[in-house]
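K.L.:
One file: start_32.txt (compact mmCIF, C-alpha atoms).
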```txt
# COMPACT_ATOMS: atom_id res chain seq x y z
CA MET A 1375 85.62 130.39 115.20
CA ASP A 1376 88.70 131.54 113.36
CA GLY A 1377 91.71 129.26 113.15
CA LEU A 1378 93.92 131.81 114.85
CA GLN A 1379 91.53 131.97 117.81
CA VAL A 1380 91.74 128.19 118.10
CA VAL A 1381 95.53 128.42 118.20
CA GLU A 1382 95.41 131.15 120.85
CA LYS A 1383 92.95 129.22 122.93
CA LEU A 1384 95.05 126.07 122.77
CA LYS A 1385 98.18 127.99 123.67
CA ALA A 1386 96.45 129.42 126.71
CA ALA A 1387 94.86 126.16 127.81
CA MET A 1388 97.73 123.74 127.33
CA PRO A 1389 100.94 125.63 126.56
CA GLU A 1390 103.17 122.63 127.24
CA ALA A 1391 101.46 120.62 124.48
CA VAL A 1392 101.82 123.17 121.70
CA HIS A 1393 105.23 122.68 120.11
CA GLY A 1394 104.70 124.90 117.16
CA THR A 1395 102.10 126.74 115.16
CA GLY A 1396 101.80 127.66 111.55
CA GLU A 1397 99.65 129.42 109.01
CA PHE A 1398 99.29 129.07 105.27
CA ALA A 1399 96.55 130.59 103.13
CA ARG A 1400 94.67 131.56 106.29
CA GLN A 1401 94.67 127.96 107.48
CA HIS A 1402 96.14 127.54 110.94
CA TRP A 1403 97.57 124.50 112.54
CA ILE A 1404 99.49 123.45 115.60
CA GLU A 1405 102.21 120.91 116.06
CA THR A 1406 102.40 118.67 119.07
CA ARG A 1407 104.15 115.53 120.26
CA ASP A 1408 102.99 111.93 120.11
CA ASN A 1409 102.36 111.70 123.84
CA ARG A 1410 100.42 114.99 123.95
CA ALA A 1411 98.32 114.56 120.83
CA LYS A 1412 95.37 112.82 122.38
CA GLY A 1413 95.00 115.43 125.13
CA VAL A 1414 95.00 118.23 122.57
CA LEU A 1415 92.49 116.44 120.39
CA ARG A 1416 90.23 115.68 123.32
CA PHE A 1417 90.31 119.36 124.30
CA LEU A 1418 89.48 120.43 120.76
CA ARG A 1419 86.53 118.08 120.70
CA ASP A 1420 85.13 118.68 124.16
CA ASP A 1421 85.58 122.41 124.62
CA PRO A 1422 82.09 123.84 124.00
CA GLU A 1423 83.46 126.83 122.10
CA LEU A 1424 85.69 124.76 119.81
CA ALA A 1425 83.51 121.65 119.47
CA PHE A 1426 85.44 119.92 116.70
CA ASP A 1427 82.97 117.10 116.45
CA ALA A 1428 84.21 115.51 113.22
CA LEU A 1429 87.50 113.94 112.28
CA MET A 1430 87.51 114.53 108.56
CA ASP A 1431 90.81 112.81 107.89
CA LEU A 1432 93.69 111.21 109.65
CA THR A 1433 96.88 110.58 107.74
CA ALA A 1434 100.62 110.74 108.09
CA VAL A 1435 103.63 112.22 106.34
CA ASP A 1436 107.12 110.78 106.22
CA TYR A 1437 109.66 113.61 106.57
CA LEU A 1438 112.70 111.43 106.07
CA ASN A 1439 115.90 113.56 106.06
CA GLN A 1440 113.95 116.80 105.96
CA GLY A 1441 115.25 118.25 109.21
CA MET A 1442 111.90 118.06 110.95
CA PRO A 1443 111.59 117.46 114.72
CA GLU A 1444 110.78 113.82 114.09
CA ARG A 1445 110.51 111.62 111.06
CA PHE A 1446 106.75 111.06 111.02
CA GLY A 1447 103.97 113.57 111.34
CA VAL A 1448 100.50 112.20 112.01
CA VAL A 1449 97.99 114.72 110.72
CA TYR A 1450 94.48 115.14 112.07
CA ILE A 1451 92.06 117.27 110.09
CA LEU A 1452 89.14 118.32 112.24
CA TYR A 1453 85.88 119.99 111.35
CA SER A 1454 83.31 121.60 113.58
CA PHE A 1455 79.72 121.45 112.49
CA LYS A 1456 78.96 123.98 115.18
CA HIS A 1457 80.94 126.89 113.78
CA GLY A 1458 81.89 125.45 110.40
CA GLY A 1459 85.64 125.63 110.65
CA TYR A 1460 88.52 123.33 109.91
CA PHE A 1461 91.58 122.86 112.05
CA ARG A 1462 94.72 120.83 111.60
CA VAL A 1463 96.82 119.13 114.25
CA LYS A 1464 100.14 117.52 113.49
CA ALA A 1465 101.72 115.15 115.98
CA TRP A 1466 105.39 114.30 115.63
CA VAL A 1467 106.15 110.62 116.01
CA PRO A 1468 109.74 109.39 116.32
CA GLU A 1469 111.20 106.81 113.98
CA SER A 1470 112.71 104.80 116.83
CA ASP A 1471 109.38 104.18 118.53
CA PRO A 1472 106.56 104.93 116.08
CA LYS A 1473 103.61 104.73 118.42
CA ILE A 1474 100.77 107.10 119.19
CA ASP A 1475 97.54 106.83 121.12
CA SER A 1476 94.49 105.86 119.12
CA VAL A 1477 91.62 108.33 118.97
CA HIS A 1478 89.01 105.71 118.16
CA ASP A 1479 87.13 106.62 121.34
CA LEU A 1480 86.94 110.30 120.36
CA TRP A 1481 85.71 109.99 116.78
CA LYS A 1482 84.16 106.95 115.15
CA SER A 1483 85.81 107.81 111.84
CA ALA A 1484 89.26 107.14 113.30
CA PRO A 1485 89.70 103.34 113.27
CA TRP A 1486 89.88 102.74 109.53
CA ALA A 1487 92.05 105.80 108.95
CA GLU A 1488 94.39 104.60 111.68
CA ARG A 1489 94.52 101.18 110.10
CA GLU A 1490 95.53 102.79 106.82
CA VAL A 1491 98.31 104.78 108.48
CA TYR A 1492 99.48 101.63 110.22
CA ASP A 1493 99.38 99.73 106.92
CA MET A 1494 101.28 102.33 104.95
CA PHE A 1495 103.67 103.79 107.52
CA GLY A 1496 103.92 101.20 110.29
CA ILE A 1497 102.84 103.65 112.96
CA VAL A 1498 101.20 101.72 115.78
CA PHE A 1499 98.10 103.19 117.37
CA ARG A 1500 97.95 102.26 121.04
CA GLY A 1501 94.57 101.06 122.19
CA HIS A 1502 93.18 100.56 118.70
CA PRO A 1503 90.46 97.87 118.85
CA ASP A 1504 91.47 96.08 115.64
CA LEU A 1505 94.80 97.20 114.23
CA ARG A 1506 95.13 95.12 111.06
CA ARG A 1507 96.24 96.01 107.57
CA ILE A 1508 93.37 97.54 105.64
CA GLN A 1509 94.54 97.82 102.03
CA LEU A 1510 97.50 95.55 101.52
CA PRO A 1511 97.03 91.80 101.91
CA GLU A 1512 97.59 90.29 105.33
CA TYR A 1513 100.68 88.39 104.15
CA TYR A 1514 102.40 91.61 103.09
CA THR A 1515 105.46 92.72 104.99
CA GLY A 1516 106.70 96.28 105.04
CA HIS A 1517 105.11 99.67 104.93
CA PRO A 1518 105.31 101.03 101.40
CA LEU A 1519 104.52 104.71 101.92
CA ARG A 1520 107.71 105.18 103.90
CA LYS A 1521 110.14 107.19 101.86
CA ASP A 1522 112.91 104.63 102.25
CA TYR A 1523 110.72 101.87 100.81
CA PRO A 1524 111.66 101.04 97.21
CA LEU A 1525 108.99 101.81 94.64
CA ARG A 1526 109.16 98.32 93.19
CA GLY A 1527 108.95 96.68 96.58
CA MET A 1528 111.29 94.26 98.29
CA GLY A 1529 110.50 91.33 96.01
CA GLU A 1530 106.97 90.77 97.30
CA ARG A 1531 105.52 90.81 93.82
CA ASP A 1532 107.48 87.73 92.77
CA THR A 1533 107.15 85.49 95.81
CA PHE A 1534 104.25 83.44 94.52
CA PRO A 1535 103.97 79.82 93.41
CA ARG A 1536 104.52 79.15 89.75
CA TYR A 1537 102.50 76.92 87.47
CA VAL A 1538 104.09 75.61 84.28
CA ARG A 1539 102.88 73.37 81.53
CA GLU A 1540 105.30 70.65 80.62
CA GLU A 1541 106.14 70.83 76.95
CA GLY A 1542 105.56 67.87 74.69
CA ALA A 1543 103.89 65.70 77.29
CA MET B 610 70.98 70.95 53.05
CA GLY B 611 74.37 70.92 51.46
CA LEU B 612 75.93 68.30 53.70
CA GLU B 613 73.41 65.59 52.87
CA SER B 614 73.74 66.04 49.15
CA TRP B 615 77.47 65.99 49.44
CA MET B 616 77.39 62.91 51.66
CA PRO B 617 74.31 60.88 50.65
CA GLU B 618 74.97 57.97 53.02
CA GLY B 619 74.75 60.33 55.96
CA VAL B 620 77.85 58.82 57.51
CA LEU B 621 81.24 60.42 57.86
CA THR B 622 84.23 58.51 59.09
CA THR B 623 87.07 60.28 60.80
CA SER B 624 89.36 59.80 63.77
CA LEU B 625 88.40 60.42 67.35
CA ASN B 626 91.30 62.83 67.74
CA LYS B 627 89.96 64.99 64.97
CA VAL B 628 86.44 65.02 66.35
CA VAL B 629 87.57 65.89 69.87
CA THR B 630 89.88 68.60 68.60
CA TRP B 631 87.20 70.03 66.37
CA ALA B 632 84.71 70.09 69.22
CA ARG B 633 87.15 71.67 71.60
CA LYS B 634 88.32 74.43 69.37
CA ASN B 635 84.82 75.46 68.44
CA SER B 636 83.42 75.52 71.93
CA LEU B 637 85.89 77.42 74.05
CA TRP B 638 84.11 78.56 77.18
CA PRO B 639 85.90 81.60 78.51
CA MET B 640 86.28 82.48 82.15
CA PRO B 641 86.55 86.27 82.22
CA PHE B 642 89.06 87.29 84.85
CA GLY B 643 88.18 90.92 84.33
CA THR B 644 89.78 93.30 86.79
CA ALA B 645 90.10 96.55 84.84
CA CYS B 646 89.29 98.40 81.64
CA CYS B 647 90.30 95.43 79.45
CA ALA B 648 87.19 93.70 80.76
CA ILE B 649 85.10 96.44 79.14
CA GLU B 650 86.67 95.68 75.79
CA LEU B 651 86.11 92.00 76.46
CA MET B 652 82.42 92.71 76.99
CA ALA B 653 82.34 94.60 73.70
CA THR B 654 83.95 91.60 72.03
CA LEU B 655 81.19 89.39 73.33
CA ALA B 656 78.38 91.73 72.39
CA SER B 657 76.57 91.88 69.11
CA ARG B 658 78.89 94.11 67.12
CA TYR B 659 81.97 91.88 67.37
CA ASP B 660 79.99 88.77 68.26
CA LEU B 661 82.40 86.24 69.69
CA ALA B 662 79.63 83.65 69.22
CA ARG B 663 80.87 83.31 65.65
CA PHE B 664 83.86 81.49 67.11
CA GLY B 665 81.90 79.35 69.49
CA ALA B 666 83.23 81.21 72.51
CA GLU B 667 80.19 83.16 73.56
CA VAL B 668 79.36 81.06 76.61
CA ILE B 669 80.96 83.14 79.31
CA ARG B 670 81.09 81.00 82.41
CA PHE B 671 81.43 82.79 85.68
CA SER B 672 82.17 79.47 87.30
CA PRO B 673 85.74 78.37 86.60
CA ARG B 674 84.64 74.75 86.90
CA GLN B 675 82.67 75.07 83.69
CA SER B 676 85.22 76.93 81.63
CA ASP B 677 88.38 76.04 79.78
CA LEU B 678 89.79 79.40 78.68
CA MET B 679 90.86 82.00 81.20
CA ILE B 680 91.05 85.52 79.81
CA VAL B 681 93.01 87.60 82.29
CA SER B 682 91.85 91.07 81.36
CA GLY B 683 93.25 93.65 83.69
CA ARG B 684 95.91 94.35 86.23
CA ILE B 685 96.55 91.74 88.91
CA SER B 686 97.60 93.13 92.25
CA LEU B 687 99.33 91.16 94.98
CA LYS B 688 96.05 91.03 96.84
CA MET B 689 94.37 89.47 93.82
CA MET B 690 96.90 86.64 93.48
CA PRO B 691 95.13 84.17 95.83
CA VAL B 692 91.98 84.68 93.76
CA LEU B 693 93.87 84.10 90.52
CA TYR B 694 95.31 80.83 91.83
CA LYS B 695 91.99 79.73 93.22
CA ILE B 696 90.30 80.19 89.87
CA TRP B 697 93.14 78.68 87.85
CA GLU B 698 93.22 75.63 90.10
CA GLN B 699 89.48 75.16 89.85
CA MET B 700 89.43 75.13 86.07
CA PRO B 701 89.51 71.57 84.74
CA GLU B 702 92.16 70.46 82.28
CA PRO B 703 92.57 71.00 79.42
CA LYS B 704 92.66 74.74 79.90
CA TRP B 705 94.11 77.68 78.09
CA CYS B 706 94.99 81.19 79.13
CA ILE B 707 95.00 84.53 77.35
CA ALA B 708 96.82 87.46 78.94
CA MET B 709 94.79 90.34 77.61
CA GLY B 710 96.35 93.78 77.55
CA ALA B 711 99.59 95.26 78.78
CA CYS B 712 98.92 94.84 82.51
CA ALA B 713 98.14 91.14 82.39
CA SER B 714 101.05 90.54 80.03
CA CYS B 715 103.81 92.53 81.75
CA GLY B 716 102.40 94.85 84.39
CA GLY B 717 101.87 97.72 81.99
CA ILE B 718 102.41 101.13 83.48
CA PHE B 719 101.96 99.81 87.01
CA ASP B 720 105.57 99.04 87.86
CA ASN B 721 105.25 99.24 91.63
CA TYR B 722 105.24 97.22 94.82
CA ALA B 723 101.57 96.32 94.72
CA MET B 724 101.30 94.93 91.21
CA THR B 725 102.46 91.69 89.64
CA GLN B 726 104.47 92.15 86.47
CA GLY B 727 102.56 89.82 84.19
CA VAL B 728 100.54 86.72 84.99
CA ASP B 729 102.92 84.55 82.95
CA ARG B 730 105.29 84.65 85.90
CA PHE B 731 102.81 82.50 87.80
CA ILE B 732 100.50 80.67 85.42
CA PRO B 733 101.17 79.39 81.88
CA VAL B 734 99.93 81.86 79.29
CA ASP B 735 99.23 80.69 75.75
CA VAL B 736 98.47 83.93 73.95
CA TYR B 737 99.32 87.52 74.78
CA VAL B 738 97.25 90.40 73.48
CA PRO B 739 99.05 93.74 73.26
CA GLY B 740 97.18 96.96 73.76
CA CYS B 741 96.01 99.25 76.47
CA PRO B 742 93.27 98.16 76.21
CA PRO B 743 93.31 95.96 73.11
CA ARG B 744 90.66 96.37 70.46
CA PRO B 745 88.00 93.67 70.25
CA GLU B 746 89.54 92.59 66.95
CA SER B 747 92.74 91.76 68.82
CA VAL B 748 90.79 89.63 71.28
CA ILE B 749 89.11 87.79 68.45
CA ASP B 750 92.54 87.23 66.92
CA ALA B 751 93.73 85.82 70.26
CA ILE B 752 90.76 83.44 70.38
CA MET B 753 91.63 82.30 66.86
CA LYS B 754 95.23 81.78 67.93
CA ILE B 755 93.97 79.63 70.81
CA GLN B 756 91.95 77.65 68.28
CA GLU B 757 95.11 77.12 66.27
CA ILE B 758 96.89 75.88 69.39
CA VAL B 759 94.02 73.51 70.13
CA GLU B 760 94.17 72.18 66.63
CA ARG B 761 97.94 71.78 66.70
CA GLU B 762 98.12 70.07 70.08
CA GLY B 763 95.21 67.73 69.51
CA PRO B 764 93.52 66.02 72.43
CA ARG B 765 96.78 65.46 74.28
CA ARG B 766 97.63 68.53 76.26
CA ALA B 767 100.01 68.65 79.18
CA ALA B 768 98.49 69.64 82.48
CA SER B 769 99.76 72.73 84.25
CA ALA B 770 101.49 71.87 87.49
CA ARG B 771 102.89 73.84 90.36
CA THR B 772 106.68 73.68 90.18
CA ASN B 773 107.90 75.40 93.30
CA PRO B 774 105.97 75.09 96.52
CA GLY B 775 106.14 78.77 97.33
CA PRO B 776 104.40 80.21 100.34
CA GLU B 777 100.93 78.98 101.13
CA LEU B 778 98.63 81.85 100.37
CA PRO B 779 95.67 82.46 102.60
CA ALA B 780 92.29 81.89 101.10
CA PRO B 781 90.68 84.96 99.58
CA THR B 782 88.84 86.78 102.29
CA SER B 783 85.87 89.06 102.20
CA ARG B 784 86.32 90.55 105.60
CA SER B 785 86.20 94.31 105.85
```
Give the structure from this file in structure tokens form.
P.N.:
Amino acid sequence: MDGLQVVEKLKAAMPEAVHGTGEFARQHWIETRDNRAKGVLRFLRDDPELAFDALMDLTAVDYLNQGMPERFGVVYILYSFKHGGYFRVKAWVPESDPKIDSVHDLWKSAPWAEREVYDMFGIVFRGHPDLRRIQLPEYYTGHPLRKDYPLRGMGERDTFPRYVREEGA
Amino acid sequence: MGLESWMPEGVLTTSLNKVVTWARKNSLWPMPFGTACCAIELMATLASRYDLARFGAEVIRFSPRQSDLMIVSGRISLKMMPVLYKIWEQMPEPKWCIAMGACASCGGIFDNYAMTQGVDRFIPVDVYVPGCPPRPESVIDAIMKIQEIVEREGPRRAASARTNPGPELPAPTSRS
């Protein structure tokens, strides 16, 4: 199934959820909102014609000061083994309340990817079975892939105990 | 053999300090804290071509409790710090430390939020080895420098102690 057909089908089935569409290099995507994302994704998975049975990747982008509808875009890259096509869904998540529903019950590949997005961007996935940091240590504070996070951190790399050897003892 | 003819009584008198120092400097047992490409060079140093056994330091101990020279070879991330402390604390005194390569010495090219900028900020380093990664010859030179330090300090060597309490780090975890 062609990407454009997926877009048309989604627009027909749930017009209120589709906030925008786009195309680049014959790759189509739709944009939706945080509260609508799970419904759209469930439709894409369960519709027998679409049958996007694999979540290839789940990530996020920080559009700080870029004039986008919201600061964060959570990106879902889906693949259908049935008709061999990719499709991309972007869900806008506001900075003030960065929460979105977890899709761990739709695709088993979701939980770790959601943990990574939580770790790096601080976006909370509602209903996630085990939302812990996955890459950074548990004692880390902050979410370093946010664009307003300093490259050299907020002093985390120096807050460790110090051992010294007393001279001339 | 030569020694007997030179010393027909078979007895040599010296001081205990000298014997202990001599034994120590010729039997450094390294603990390889290898986290990156420097560890590959360290392995080359230990292998037959460069043959660290010539300096008595060929007994790589993967247990810190049996070693007295920590060679930090590689970058140390924040997540690795509890491991570094654990190993440093487990090594018995007297112990020495080599910061091998740019990352262990100063963070190298990894000047970011996830990487410590040199292990000497946290544990006492005796010898730094420049290079990215250093050649095995440089590592051998560092071992010889450690031997010089051992000889200079003699058996009395100050213990390394924690100065500021700092936050209690959680134990290293192997959970997924």
K.L.:
Using all atoms listed in the file, which of B:Pro733, B:Gly717, B:Pro703, B:Pro742 sits nearest chain A?
P.N.:
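Once distances to chain A are computed over all atoms listed in the file, the minimum belongs to B:Pro733.
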K.L.:
Would you mind listing, as number ranges by chain, all residues of chain A that have at least one atom within 6 Å of chain B, where all atoms listed in the file are what counts?
P.N.:
A: 1511, 1525-1527, 1531, 1534-1540, 1543
K.L.:
Take the selection from the previous step and output its residues with C-alpha atoms, as an mmCIF file, in the coordinates of the input.
P.N.:
```cif
data_model
loop_
_atom_site.group_PDB
_atom_site.id
_atom_site.type_symbol
_atom_site.label_atom_id
_atom_site.label_comp_id
_atom_site.auth_asym_id
_atom_site.auth_seq_id
_atom_site.Cartn_x
_atom_site.Cartn_y
_atom_site.Cartn_z
ATOM 1 C CA PRO A 1511 97.030 91.800 101.910
ATOM 2 C CA LEU A 1525 108.990 101.810 94.640
ATOM 3 C CA ARG A 1526 109.160 98.320 93.190
ATOM 4 C CA GLY A 1527 108.950 96.680 96.580
ATOM 5 C CA ARG A 1531 105.520 90.810 93.820
ATOM 6 C CA PHE A 1534 104.250 83.440 94.520
ATOM 7 C CA PRO A 1535 103.970 79.820 93.410
ATOM 8 C CA ARG A 1536 104.520 79.150 89.750
ATOM 9 C CA TYR A 1537 102.500 76.920 87.470
ATOM 10 C CA VAL A 1538 104.090 75.610 84.280
ATOM 11 C CA ARG A 1539 102.880 73.370 81.530
ATOM 12 C CA GLU A 1540 105.300 70.650 80.620
ATOM 13 C CA ALA A 1543 103.890 65.700 77.290
#
```
K.L.:
Quick one, how far is CA of Thr1433 in chain A from CA of Ile1497 in chain A?
P.N.:
10.5 Å
K.L.:
Write out as a ChimeraX atom specification the residues lying within 10 Å of Arg1506 in chain A, counting only C-alpha atoms and excluding same-chain residues fewer than 4 positions away.
P.N.:
/A:1486,1488-1490,1492-1493,1502,1510-1512
K.L.:
Kindly save the residues from that selection, with C-alpha atoms included, as a short mmCIF file (atom, residue, chain, number, x, y, z; two decimals), in the frame of the given file.
P.N.:
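Writing done, so here's again21.cif:
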```cif
data_model
loop_
_atom_site.label_atom_id
_atom_site.label_comp_id
_atom_site.auth_asym_id
_atom_site.auth_seq_id
_atom_site.Cartn_x
_atom_site.Cartn_y
_atom_site.Cartn_z
CA TRP A 1486 89.88 102.74 109.53
CA GLU A 1488 94.39 104.60 111.68
CA ARG A 1489 94.52 101.18 110.10
CA GLU A 1490 95.53 102.79 106.82
CA TYR A 1492 99.48 101.63 110.22
CA ASP A 1493 99.38 99.73 106.92
CA HIS A 1502 93.18 100.56 118.70
CA LEU A 1510 97.50 95.55 101.52
CA PRO A 1511 97.03 91.80 101.91
CA GLU A 1512 97.59 90.29 105.33
#
```
K.L.:
Could you tell me, as a count of residues only, which residues have any atom at most 7 Å from (94.1, 92.5, 75.1), counting only C-alpha atoms?
P.N.:
13
K.L.:
CA of Leu1438 in chain A and CA of Lys1473 in chain A are how many Å apart?
P.N.:
16.7 Å
K.L.:
Between A:Glu1423, A:Asp1504, A:Asp1522, A:Glu1390, which one has atoms that come closest to Asp1376 in chain A, using only C-alpha atoms?
P.N.:
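Checking each of A:Glu1423, A:Asp1504, A:Asp1522, A:Glu1390 against Asp1376 in chain A, counting only C-alpha atoms, the winner is A:Glu1423.
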K.L.:
Provide the CA of Tyr659 in chain B to CA of Trp631 in chain B distance in Å, to one decimal place.
P.N.:
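Between CA of Tyr659 in chain B and CA of Trp631 in chain B the gap is 22.5 Å.
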K.L.:
Might you pull out every residue within 12 Å of Cys741 in chain B, with all atoms listed in the file counted and same-chain residues fewer than 5 positions away left off, and present them as a VMD selection string?
P.N.:
chain B and resid 645 to 650 682 to 684 709 to 718 747
K.L.:
Determine, using only C-alpha atoms, which residues of range 1407-1433 of chain A have any atom at most 9 Å from an atom of range 1464-1468 of chain A, and tabulate each with its shortest atom pair and distance in Å to one decimal place, rows ordered by chain and then rising number, as a Markdown table.
P.N.:
```
| residue | atom | partner | partner_atom | distance |
| --- | --- | --- | --- | --- |
| A:Arg1407 | CA | A:Ala1465 | CA | 4.9 |
| A:Asp1408 | CA | A:Val1467 | CA | 5.3 |
| A:Asn1409 | CA | A:Ala1465 | CA | 8.6 |
| A:Arg1410 | CA | A:Ala1465 | CA | 8.1 |
| A:Ala1411 | CA | A:Ala1465 | CA | 6.0 |
```
